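Asks: File work_9.tsv follows (TSV, C-alpha atoms and all ligand atoms):
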```tsv
chain	number	residue	atom	x	y	z
A	1	MET	CA	-41.65	65.24	183.15
A	2	LEU	CA	-44.76	64.49	185.22
A	3	TYR	CA	-46.51	67.28	187.11
A	4	GLY	CA	-48.92	67.09	190.07
A	5	GLY	CA	-52.62	66.76	189.35
A	6	ASN	CA	-54.79	63.82	188.64
A	7	VAL	CA	-52.23	61.46	187.18
A	8	ALA	CA	-52.84	57.79	186.77
A	9	THR	CA	-50.34	56.43	189.25
A	10	LYS	CA	-48.24	53.32	188.85
A	11	ILE	CA	-50.73	51.54	191.08
A	12	SER	CA	-53.72	52.15	188.85
A	13	ALA	CA	-52.30	52.67	185.38
A	14	SER	CA	-51.43	49.10	184.48
A	15	SER	CA	-54.76	47.54	185.45
A	16	ASP	CA	-57.12	50.39	184.61
A	17	THR	CA	-55.87	51.02	181.07
A	18	SER	CA	-57.20	47.60	180.05
A	19	ARG	CA	-60.57	49.16	179.18
A	20	LEU	CA	-58.95	51.72	176.88
A	21	MET	CA	-58.58	51.00	173.16
A	22	THR	CA	-55.26	50.02	171.62
A	23	GLY	CA	-54.20	51.42	168.25
A	24	GLN	CA	-55.51	48.27	166.58
A	25	ASP	CA	-58.82	48.56	168.46
A	26	TYR	CA	-59.10	52.13	167.19
A	27	ARG	CA	-58.49	51.01	163.60
A	28	ASP	CA	-61.07	48.23	163.97
A	29	SER	CA	-63.57	50.63	165.55
A	30	LEU	CA	-63.50	52.79	162.41
A	31	ARG	CA	-65.06	49.90	160.47
A	32	LYS	CA	-68.32	50.45	162.35
A	33	TYR	CA	-68.72	53.82	160.64
A	34	LYS	CA	-69.55	54.49	157.00
A	35	PRO	CA	-68.72	58.16	156.47
A	36	THR	CA	-69.04	59.81	153.07
A	37	VAL	CA	-65.46	60.90	152.36
A	38	TYR	CA	-63.89	62.30	149.21
A	39	VAL	CA	-60.11	62.61	148.92
A	40	ASN	CA	-58.96	64.63	145.93
A	41	GLY	CA	-62.43	64.16	144.47
A	42	GLN	CA	-62.44	60.35	144.78
A	43	LEU	CA	-65.05	58.66	146.97
A	44	ILE	CA	-63.33	56.55	149.64
A	45	GLU	CA	-64.86	53.08	150.01
A	46	SER	CA	-63.24	52.26	153.35
A	47	VAL	CA	-61.48	54.94	155.36
A	48	VAL	CA	-59.42	52.52	157.42
A	49	ASP	CA	-58.07	50.81	154.28
A	50	ALA	CA	-57.42	53.97	152.26
A	51	PRO	CA	-53.65	54.42	151.62
A	52	SER	CA	-54.16	58.18	151.33
A	53	LEU	CA	-55.39	58.39	154.94
A	54	GLN	CA	-52.91	56.02	156.63
A	55	PRO	CA	-50.49	58.67	157.99
A	56	GLY	CA	-53.33	60.29	159.95
A	57	ILE	CA	-54.81	57.00	161.13
A	58	ASN	CA	-51.34	55.86	162.26
A	59	ALA	CA	-50.84	59.09	164.20
A	60	LEU	CA	-54.13	58.72	166.02
A	61	ALA	CA	-53.45	55.04	166.71
A	62	ILE	CA	-50.33	56.10	168.60
A	63	THR	CA	-52.42	58.15	171.04
A	64	TYR	CA	-54.09	54.85	171.95
A	65	ASP	CA	-50.97	52.69	172.04
A	66	PHE	CA	-49.04	55.14	174.22
A	67	ALA	CA	-51.77	54.89	176.87
A	68	HIS	CA	-50.88	51.21	177.23
A	69	ASP	CA	-47.11	51.75	177.42
A	70	PRO	CA	-46.24	51.58	181.16
A	71	THR	CA	-43.51	54.18	180.73
A	72	LYS	CA	-45.90	56.64	179.04
A	73	ALA	CA	-49.23	55.81	180.71
A	74	PRO	CA	-48.71	58.19	183.67
A	75	LEU	CA	-48.63	61.07	181.16
A	76	MET	CA	-50.97	59.66	178.53
A	77	THR	CA	-53.76	58.78	180.96
A	78	ALA	CA	-55.45	60.51	183.87
A	79	ILE	CA	-58.07	59.68	186.45
A	80	GLN	CA	-61.39	61.49	186.12
A	81	SER	CA	-62.41	61.80	189.73
A	82	ALA	CA	-66.15	62.09	188.95
A	83	SER	CA	-66.12	58.50	187.66
A	84	GLY	CA	-62.93	57.23	189.28
A	85	LYS	CA	-61.95	55.86	185.86
A	86	THR	CA	-58.61	56.07	184.10
A	87	VAL	CA	-59.15	57.80	180.76
A	88	ASN	CA	-56.95	58.80	177.87
A	89	ARG	CA	-55.35	62.17	178.61
A	90	MET	CA	-56.76	63.50	175.33
A	91	VAL	CA	-60.35	63.20	176.61
A	92	HIS	CA	-59.71	64.17	180.25
A	93	ILE	CA	-61.23	67.22	181.93
A	94	ASN	CA	-58.58	69.13	183.86
A	95	GLU	CA	-58.96	69.04	187.64
A	96	ALA	CA	-55.70	70.69	188.74
A	97	ALA	CA	-53.07	73.02	187.28
A	98	GLY	CA	-50.75	70.03	186.87
A	99	ASP	CA	-53.24	68.48	184.47
A	100	LEU	CA	-52.70	71.33	182.00
A	101	LEU	CA	-48.93	70.84	182.13
A	102	ASN	CA	-49.25	67.07	181.83
A	103	LYS	CA	-51.44	67.51	178.76
A	104	LEU	CA	-48.77	69.72	177.17
A	105	GLU	CA	-46.12	67.10	177.95
A	106	ALA	CA	-48.35	64.36	176.53
A	107	VAL	CA	-48.81	66.36	173.31
A	108	ARG	CA	-45.04	66.92	173.13
A	109	LEU	CA	-44.49	63.17	173.49
A	110	LEU	CA	-47.02	62.40	170.76
A	111	CYS	CA	-45.66	65.04	168.39
A	112	GLN	CA	-42.12	63.71	168.74
A	113	GLU	CA	-43.41	60.40	167.37
A	114	THR	CA	-46.15	61.52	164.96
A	115	GLY	CA	-45.53	65.13	163.91
A	116	CYS	CA	-49.06	66.11	164.97
A	117	ALA	CA	-50.96	64.75	167.95
A	118	GLN	CA	-54.36	65.60	166.37
A	119	ARG	CA	-56.39	64.18	169.24
A	120	TYR	CA	-55.39	67.01	171.58
A	121	LEU	CA	-58.09	69.16	169.96
A	122	ALA	CA	-60.71	67.02	171.68
A	123	HIS	CA	-59.12	67.84	175.03
A	124	ASP	CA	-59.20	71.56	174.26
A	125	ALA	CA	-62.82	71.47	173.07
A	126	LEU	CA	-64.13	69.32	175.93
A	127	ASN	CA	-62.42	71.50	178.52
A	128	GLY	CA	-63.75	74.67	176.85
A	129	ILE	CA	-67.30	73.32	176.78
A	130	GLY	CA	-66.93	72.14	180.38
A	131	GLN	CA	-66.25	75.76	181.38
A	132	VAL	CA	-69.11	77.17	179.31
A	133	VAL	CA	-71.77	74.79	180.62
A	134	ALA	CA	-70.82	75.71	184.20
A	135	ARG	CA	-71.16	79.42	183.39
A	136	LEU	CA	-74.47	78.88	181.61
A	137	ASP	CA	-75.87	76.97	184.56
A	138	ASP	CA	-74.61	79.55	187.04
A	139	ALA	CA	-76.17	82.36	185.00
A	140	LYS	CA	-79.49	80.53	184.73
A	141	GLY	CA	-79.48	79.02	188.21
A	142	CYS	CA	-79.83	75.46	186.90
A	143	THR	CA	-77.74	72.30	186.44
A	144	GLU	CA	-79.13	71.15	183.08
A	145	HIS	CA	-76.13	72.03	180.92
A	146	ARG	CA	-73.63	70.48	183.31
A	147	ALA	CA	-75.69	67.27	183.43
A	148	ARG	CA	-75.95	67.00	179.64
A	149	PHE	CA	-72.25	67.59	179.23
A	150	ALA	CA	-71.39	65.07	181.97
A	151	ALA	CA	-73.46	62.43	180.15
A	152	TYR	CA	-71.71	63.13	176.86
A	153	LEU	CA	-68.28	63.14	178.53
A	154	ARG	CA	-69.01	59.73	180.07
A	155	HIS	CA	-69.88	58.43	176.60
A	156	VAL	CA	-66.63	59.80	175.09
A	157	GLN	CA	-64.43	58.56	177.94
A	158	ASP	CA	-66.07	55.14	178.29
A	159	GLU	CA	-65.94	54.52	174.53
A	160	ASP	CA	-62.44	56.09	174.34
A	161	LEU	CA	-63.52	58.08	171.28
A	162	THR	CA	-61.58	60.34	168.96
A	163	LEU	CA	-63.45	63.56	168.26
A	164	GLY	CA	-63.13	65.87	165.29
A	165	ILE	CA	-63.53	69.48	166.35
A	166	ALA	CA	-65.87	71.16	163.87
A	167	MET	CA	-65.57	74.74	165.05
A	168	THR	CA	-64.26	76.90	162.20
A	169	ASP	CA	-67.20	77.86	159.97
A	170	ALA	CA	-66.73	78.59	156.27
A	171	LYS	CA	-67.67	82.20	157.25
A	172	GLY	CA	-68.48	83.62	153.79
A	173	ASP	CA	-68.32	87.43	153.82
A	174	ARG	CA	-66.10	88.23	156.83
A	175	SER	CA	-67.60	91.73	157.16
A	176	LYS	CA	-71.08	90.29	157.92
A	177	ARG	CA	-72.59	88.57	160.96
A	178	PRO	CA	-73.81	84.98	160.44
A	179	ASN	CA	-77.48	86.00	160.13
A	180	GLN	CA	-76.54	88.61	157.48
A	181	GLN	CA	-74.90	86.14	155.10
A	182	LEU	CA	-76.48	85.72	151.67
A	183	ASN	CA	-75.85	81.98	151.89
A	184	GLN	CA	-76.68	81.06	155.51
A	185	ASP	CA	-74.90	77.70	155.15
A	186	VAL	CA	-71.52	79.41	155.45
A	187	TYR	CA	-72.15	79.02	159.21
A	188	VAL	CA	-73.59	75.81	160.64
A	189	HIS	CA	-77.00	76.61	162.08
A	190	ILE	CA	-80.28	75.09	163.23
A	191	VAL	CA	-82.83	74.71	160.42
A	192	GLU	CA	-85.47	72.68	162.26
A	193	ARG	CA	-86.51	71.88	165.81
A	194	ASN	CA	-88.71	68.81	166.29
A	195	GLY	CA	-89.64	66.26	168.92
A	196	GLN	CA	-86.37	64.40	168.43
A	197	GLY	CA	-84.08	67.42	168.69
A	198	ILE	CA	-82.58	69.72	166.08
A	199	VAL	CA	-81.61	69.52	162.41
A	200	ILE	CA	-78.47	71.45	161.47
A	201	SER	CA	-77.11	72.58	158.13
A	202	GLY	CA	-73.98	74.32	156.89
A	203	ALA	CA	-70.27	74.00	156.22
A	204	LYS	CA	-67.39	73.70	158.67
A	205	ALA	CA	-63.85	74.17	157.39
A	206	ILE	CA	-60.53	72.58	158.34
A	207	VAL	CA	-61.65	69.83	160.73
A	208	THR	CA	-58.38	68.07	161.54
A	209	ALA	CA	-58.57	64.27	161.08
A	210	ALA	CA	-62.22	64.47	159.96
A	211	PRO	CA	-62.41	61.22	157.91
A	212	TYR	CA	-61.01	59.00	160.68
A	213	VAL	CA	-62.69	60.27	163.85
A	214	HIS	CA	-65.71	58.70	165.55
A	215	GLU	CA	-67.74	61.85	166.13
A	216	PHE	CA	-67.69	65.55	165.45
A	217	LEU	CA	-68.03	68.07	168.21
A	218	VAL	CA	-69.79	70.98	166.51
A	219	MET	CA	-69.09	74.33	168.16
A	220	PRO	CA	-69.67	77.99	167.25
A	221	SER	CA	-66.58	79.72	165.83
A	222	ARG	CA	-67.28	83.29	166.99
A	223	ASN	CA	-69.33	85.35	169.44
A	224	MET	CA	-73.01	85.38	168.53
A	225	GLY	CA	-75.63	88.09	169.18
A	226	GLU	CA	-79.41	87.71	169.66
A	227	ALA	CA	-80.00	87.69	165.91
A	228	ASP	CA	-77.51	84.85	165.50
A	229	ALA	CA	-79.23	82.53	168.01
A	230	ASP	CA	-79.75	79.75	165.43
A	231	PHE	CA	-75.99	79.79	164.72
A	232	ALA	CA	-75.00	79.43	168.38
A	233	VAL	CA	-75.17	75.66	168.29
A	234	CYS	CA	-72.97	73.17	170.12
A	235	CYS	CA	-73.66	69.46	169.66
A	236	ALA	CA	-72.09	66.13	168.75
A	237	VAL	CA	-72.78	64.12	165.60
A	238	PRO	CA	-71.36	60.76	164.48
A	239	VAL	CA	-68.91	60.99	161.58
A	240	ASP	CA	-71.36	59.09	159.38
A	241	ALA	CA	-74.56	60.91	160.38
A	242	PRO	CA	-76.92	61.20	157.39
A	243	GLY	CA	-76.19	64.25	155.27
A	244	ILE	CA	-72.54	64.74	156.24
A	245	THR	CA	-70.04	64.92	153.37
A	246	ILE	CA	-66.33	65.18	154.14
A	247	VAL	CA	-64.10	66.71	151.47
A	248	ALA	CA	-60.51	65.94	152.43
A	249	ARG	CA	-57.01	65.84	151.08
A	250	PRO	CA	-54.52	63.02	151.69
A	251	ALA	CA	-53.37	62.82	155.30
A	252	GLY	CA	-49.81	63.71	156.18
A	253	ARG	CA	-47.46	66.37	154.99
B	1	LIG	C1	-53.31	73.02	160.47
B	1	LIG	C2	-54.67	73.58	160.86
B	1	LIG	C3	-55.54	72.76	161.57
B	1	LIG	C4	-56.79	73.25	161.94
B	1	LIG	N1	-57.64	72.41	162.60
B	1	LIG	C5	-58.88	72.84	162.92
B	1	LIG	C6	-59.82	71.98	163.57
B	1	LIG	O1	-59.54	70.80	163.85
B	1	LIG	N2	-61.04	72.45	163.86
B	1	LIG	C7	-61.41	73.74	163.57
B	1	LIG	O2	-62.54	74.11	163.88
B	1	LIG	N3	-60.56	74.58	162.93
B	1	LIG	C8	-59.31	74.17	162.61
B	1	LIG	N4	-58.43	75.01	161.96
B	1	LIG	C9	-58.95	76.31	161.51
B	1	LIG	C10	-58.38	77.51	162.20
B	1	LIG	O3	-58.80	77.58	163.54
B	1	LIG	C11	-58.84	78.72	161.37
B	1	LIG	O4	-58.12	78.64	160.16
B	1	LIG	C12	-58.63	80.01	162.07
B	1	LIG	O5	-59.58	80.12	163.13
B	1	LIG	C13	-58.79	81.19	161.12
B	1	LIG	O6	-60.01	81.14	160.44
B	1	LIG	P1	-60.06	81.31	158.85
B	1	LIG	O7	-59.13	80.35	158.22
B	1	LIG	O8	-61.50	81.27	158.45
B	1	LIG	O9	-59.47	82.76	158.60
B	1	LIG	P2	-60.20	84.16	158.55
B	1	LIG	O10	-61.22	84.29	159.65
B	1	LIG	O11	-60.70	84.42	157.18
B	1	LIG	O12	-59.01	85.11	158.86
B	1	LIG	C14	-57.99	85.35	157.89
B	1	LIG	C15	-57.37	86.67	158.18
B	1	LIG	O13	-58.34	87.72	157.96
B	1	LIG	C16	-58.52	88.46	159.14
B	1	LIG	N5	-59.96	88.82	159.25
B	1	LIG	C17	-60.99	87.96	159.37
B	1	LIG	N6	-62.16	88.63	159.42
B	1	LIG	C18	-61.85	89.95	159.33
B	1	LIG	C19	-62.63	91.14	159.33
B	1	LIG	N7	-63.96	91.12	159.43
B	1	LIG	N8	-61.97	92.30	159.26
B	1	LIG	C20	-60.62	92.34	159.17
B	1	LIG	N9	-59.83	91.24	159.15
B	1	LIG	C21	-60.44	90.07	159.25
B	1	LIG	C22	-58.06	87.58	160.28
B	1	LIG	O14	-57.65	88.31	161.42
B	1	LIG	C23	-56.91	86.83	159.63
B	1	LIG	O15	-55.73	87.57	159.65
B	1	LIG	C24	-57.17	74.58	161.60
B	1	LIG	C25	-56.28	75.39	160.90
B	1	LIG	C26	-55.04	74.90	160.53
B	1	LIG	C27	-54.11	75.81	159.77
```
Turn this file's structure into structure tokens for me.
Ligand SMILES: Cc1cc2nc3c(=O)[nH]c(=O)nc-3n(C[C@H](O)[C@H](O)[C@H](O)COP(=O)(O)OP(=O)(O)OC[C@H]3O[C@@H](n4cnc5c(N)ncnc54)[C@H](O)[C@@H]3O)c2cc1C

Replies:
Amino acid sequence: MLYGGNVATKISASSDTSRLMTGQDYRDSLRKYKPTVYVNGQLIESVVDAPSLQPGINALAITYDFAHDPTKAPLMTAIQSASGKTVNRMVHINEAAGDLLNKLEAVRLLCQETGCAQRYLAHDALNGIGQVVARLDDAKGCTEHRARFAAYLRHVQDEDLTLGIAMTDAKGDRSKRPNQQLNQDVYVHIVERNGQGIVISGAKAIVTAAPYVHEFLVMPSRNMGEADADFAVCCAVPVDAPGITIVARPAGR
């Protein structure tokens, strides 16, 4: 079922999807990254070749292949009107109520084939951040946050990336605020600000598909007060950024 909204029509879908990755392109793209990944305690030499991770990689590859299937492309892709480009539905920012329904239908389609669509989390996170940056700008009377998010969104959509959503912090003692934790690394937080940006430290838990994504979208996992300002951090980091260690279990069920 296809709902109204910004759907890639028959006219545009076949030609415009040519710039989107196929499942094989996605697999090949993973070779550009060298993440530090342990599965059941064993260091993984090459994520894309690891038998233990194939079920997850296969599932994500299907989100790319379906975008090229003419019968599925109207659901699996959408036009982002800001750029006029056809993008994968999983990295589209909703523009109409129909977009939300089409995303649900696209996830249903993917789950029927894969068991878990995985990439839909990027859609949820990007749309959530899209709302927050608008509110921040409106509250501060500026456009800075919208502009920074728009630039990042262009990067994700143009590169057709898969994002891991690193939101759930390890949390430590649940009765304490982040700044009250004995070990502050139980929440990801800023440890240094310098001319190049910020340095972050800490542990995120349960990042679906972590070993075989391109980037992590790091987001706070709870409301933060004044004293927790260093923990209210939202940023993107490549999967193989220096210092990141991924402790995973075999993909699949
Ligand atoms: C299959 C799966 C995939 C997931 N994928 C992702 C992902 O891709 N990215 C991501 O960021 N997260 C992901 N998650 C994590 C998920 O969002 C969290 O598990 C969820 O937010 C709950 O957090 P928690 O596990 O730390 O539980 P807790 O916060 O420890 O909660 C456990 C229980 O304790 C209760 N509780 C907690 N604190 C208190 C308190 N102070 N007082 C009283 N009761 C309390 C809660 O209500 C709950 O019932 C995934 C989880 C699953 C199961």

Asks: Please identify the residues whose atoms come within 9 Å of ligand LIG 1 (chain B), using only C-alpha atoms and all ligand atoms, and report them as a VMD selection string.

Replies: chain A and resid 118 121 to 122 164 to 176 204 to 210 218 to 221

Asks: Which residues, written as a list in words, have at least one atom at most 8 Å from A:Ala106, with only C-alpha atoms counted and residues fewer than 5 positions away on the same chain left out?

Replies: Leu75, Met76 and Arg89 of chain A

Asks: Using all atoms listed in the file, can you tell me which of A:Gly252, A:Gly41, A:Tyr152, A:Tyr120 comes closest to A:Val237?

Replies: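 Checking each candidate against A:Val237, we get A:Tyr152 as the closest.
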
Asks: Write out as a PDB file with C-alpha atoms, keeping the file's coordinate frame which residues come within 8 Å of A:Leu163 when counting all atoms listed in the file, dropping same-chain ones fewer than 4 positions away.

Replies:
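Produced file out32.pdb, reproduced below:
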```pdb
ATOM      1  CA  ARG A 119     -56.390  64.180 169.240  1.00  0.00           C
ATOM      2  CA  LEU A 121     -58.090  69.160 169.960  1.00  0.00           C
ATOM      3  CA  ALA A 122     -60.710  67.020 171.680  1.00  0.00           C
ATOM      4  CA  VAL A 213     -62.690  60.270 163.850  1.00  0.00           C
ATOM      5  CA  HIS A 214     -65.710  58.700 165.550  1.00  0.00           C
ATOM      6  CA  GLU A 215     -67.740  61.850 166.130  1.00  0.00           C
ATOM      7  CA  PHE A 216     -67.690  65.550 165.450  1.00  0.00           C
ATOM      8  CA  LEU A 217     -68.030  68.070 168.210  1.00  0.00           C
TER       9      LEU A 217
END
```

Asks: Compare A:Gly197, A:Pro250, A:Gly225, A:Pro55 by their minimum atom-to-atom distance to A:Cys116, counting all atoms listed in the file, and give me the closest one.

Replies: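 The answer is A:Pro55, which sits nearest to A:Cys116.
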
Asks: Determine, counting all atoms listed in the file, which protein, DNA and RNA residues have an atom within 9 Å of an atom of A:Lys85; residues of the same chain fewer than 3 positions away are not included. Present the result as a list in words.

Replies: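 That gives Asp16, Ala78, Ile79, Gln80, Ser81, Ala82, Gln157 and Asp158 of chain A.
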
Asks: At a cut-off of 9 Å, using only C-alpha atoms, what residues contact A:Pro178? Leave out same-chain residues fewer than 4 positions from it and give the result as a list of chain:residue names.

Replies: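 Once the nearby chain positions are removed, what remains is A:Lys171, A:Gly172, A:Asp173, A:Gln184, A:Val186, A:Tyr187, A:Met224, A:Ala227, A:Asp228, A:Phe231.
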
Asks: Do you know which residues are at most 8 Å from A:Val247 counting all atoms listed in the file, after dropping those on the same chain fewer than 4 positions away, and could you put them as a VMD selection string?

Replies: chain A and resid 37 to 41

Asks: Give me, please, the distance in Å between atom CA of A:Glu113 and atom CA of A:Val156, quoted to one decimal.

Replies: 24.5 Å

Asks: Take atom CA of A:Asn223 and atom CA of A:Arg177 and report the distance between them in Å, one decimal.

Replies: 9.6 Å

Asks: Could you model N, CA, C and O atoms for stretch 109-128 of chain A and present them as a compact mmCIF listing (two decimals), in the coordinates of the input?

Replies:
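And here is the file that came out, out07.txt:
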```txt
# COMPACT_ATOMS: atom_id res chain seq x y z
N LEU A 109 -44.89 64.57 173.68
CA LEU A 109 -44.49 63.17 173.49
C LEU A 109 -45.08 62.61 172.19
O LEU A 109 -44.39 61.96 171.39
N LEU A 110 -46.35 62.91 171.97
CA LEU A 110 -47.02 62.40 170.76
C LEU A 110 -46.42 63.03 169.50
O LEU A 110 -46.19 62.35 168.50
N CYS A 111 -46.17 64.35 169.58
CA CYS A 111 -45.66 65.04 168.39
C CYS A 111 -44.25 64.57 168.02
O CYS A 111 -43.90 64.55 166.84
N GLN A 112 -43.46 64.21 169.04
CA GLN A 112 -42.12 63.71 168.74
C GLN A 112 -42.20 62.44 167.90
O GLN A 112 -41.33 62.15 167.09
N GLU A 113 -43.27 61.67 168.09
CA GLU A 113 -43.41 60.40 167.37
C GLU A 113 -44.19 60.59 166.06
O GLU A 113 -43.90 59.92 165.06
N THR A 114 -45.20 61.48 166.07
CA THR A 114 -46.15 61.52 164.96
C THR A 114 -46.07 62.78 164.10
O THR A 114 -46.60 62.80 162.99
N GLY A 115 -45.51 63.86 164.64
CA GLY A 115 -45.53 65.13 163.91
C GLY A 115 -46.72 65.99 164.30
O GLY A 115 -46.63 67.20 164.42
N CYS A 116 -47.88 65.36 164.51
CA CYS A 116 -49.06 66.11 164.97
C CYS A 116 -49.93 65.19 165.81
O CYS A 116 -50.33 64.12 165.35
N ALA A 117 -50.22 65.62 167.02
CA ALA A 117 -50.96 64.75 167.95
C ALA A 117 -52.44 64.63 167.57
O ALA A 117 -53.10 63.67 167.92
N GLN A 118 -52.98 65.59 166.88
CA GLN A 118 -54.36 65.60 166.37
C GLN A 118 -55.45 65.46 167.43
O GLN A 118 -56.37 66.25 167.50
N ARG A 119 -55.31 64.45 168.29
CA ARG A 119 -56.39 64.18 169.24
C ARG A 119 -56.46 65.21 170.37
O ARG A 119 -57.42 65.25 171.12
N TYR A 120 -55.41 66.02 170.51
CA TYR A 120 -55.39 67.01 171.58
C TYR A 120 -56.51 68.04 171.43
O TYR A 120 -56.94 68.68 172.39
N LEU A 121 -57.01 68.21 170.19
CA LEU A 121 -58.09 69.16 169.96
C LEU A 121 -59.34 68.78 170.74
O LEU A 121 -60.10 69.64 171.18
N ALA A 122 -59.55 67.47 170.90
CA ALA A 122 -60.71 67.02 171.68
C ALA A 122 -60.58 67.48 173.12
O ALA A 122 -61.55 67.92 173.74
N HIS A 123 -59.36 67.39 173.65
CA HIS A 123 -59.12 67.84 175.03
C HIS A 123 -59.43 69.33 175.16
O HIS A 123 -60.12 69.75 176.09
N ASP A 124 -58.95 70.11 174.21
CA ASP A 124 -59.20 71.56 174.26
C ASP A 124 -60.71 71.84 174.20
O ASP A 124 -61.23 72.65 174.98
N ALA A 125 -61.39 71.20 173.26
CA ALA A 125 -62.82 71.47 173.07
C ALA A 125 -63.63 71.03 174.29
O ALA A 125 -64.48 71.77 174.78
N LEU A 126 -63.36 69.82 174.78
CA LEU A 126 -64.13 69.32 175.93
C LEU A 126 -63.92 70.22 177.14
O LEU A 126 -64.87 70.53 177.88
N ASN A 127 -62.68 70.64 177.36
CA ASN A 127 -62.42 71.50 178.52
C ASN A 127 -63.06 72.88 178.34
O ASN A 127 -63.55 73.48 179.31
N GLY A 128 -63.08 73.39 177.12
CA GLY A 128 -63.75 74.67 176.85
C GLY A 128 -65.25 74.56 177.10
O GLY A 128 -65.85 75.41 177.78
```
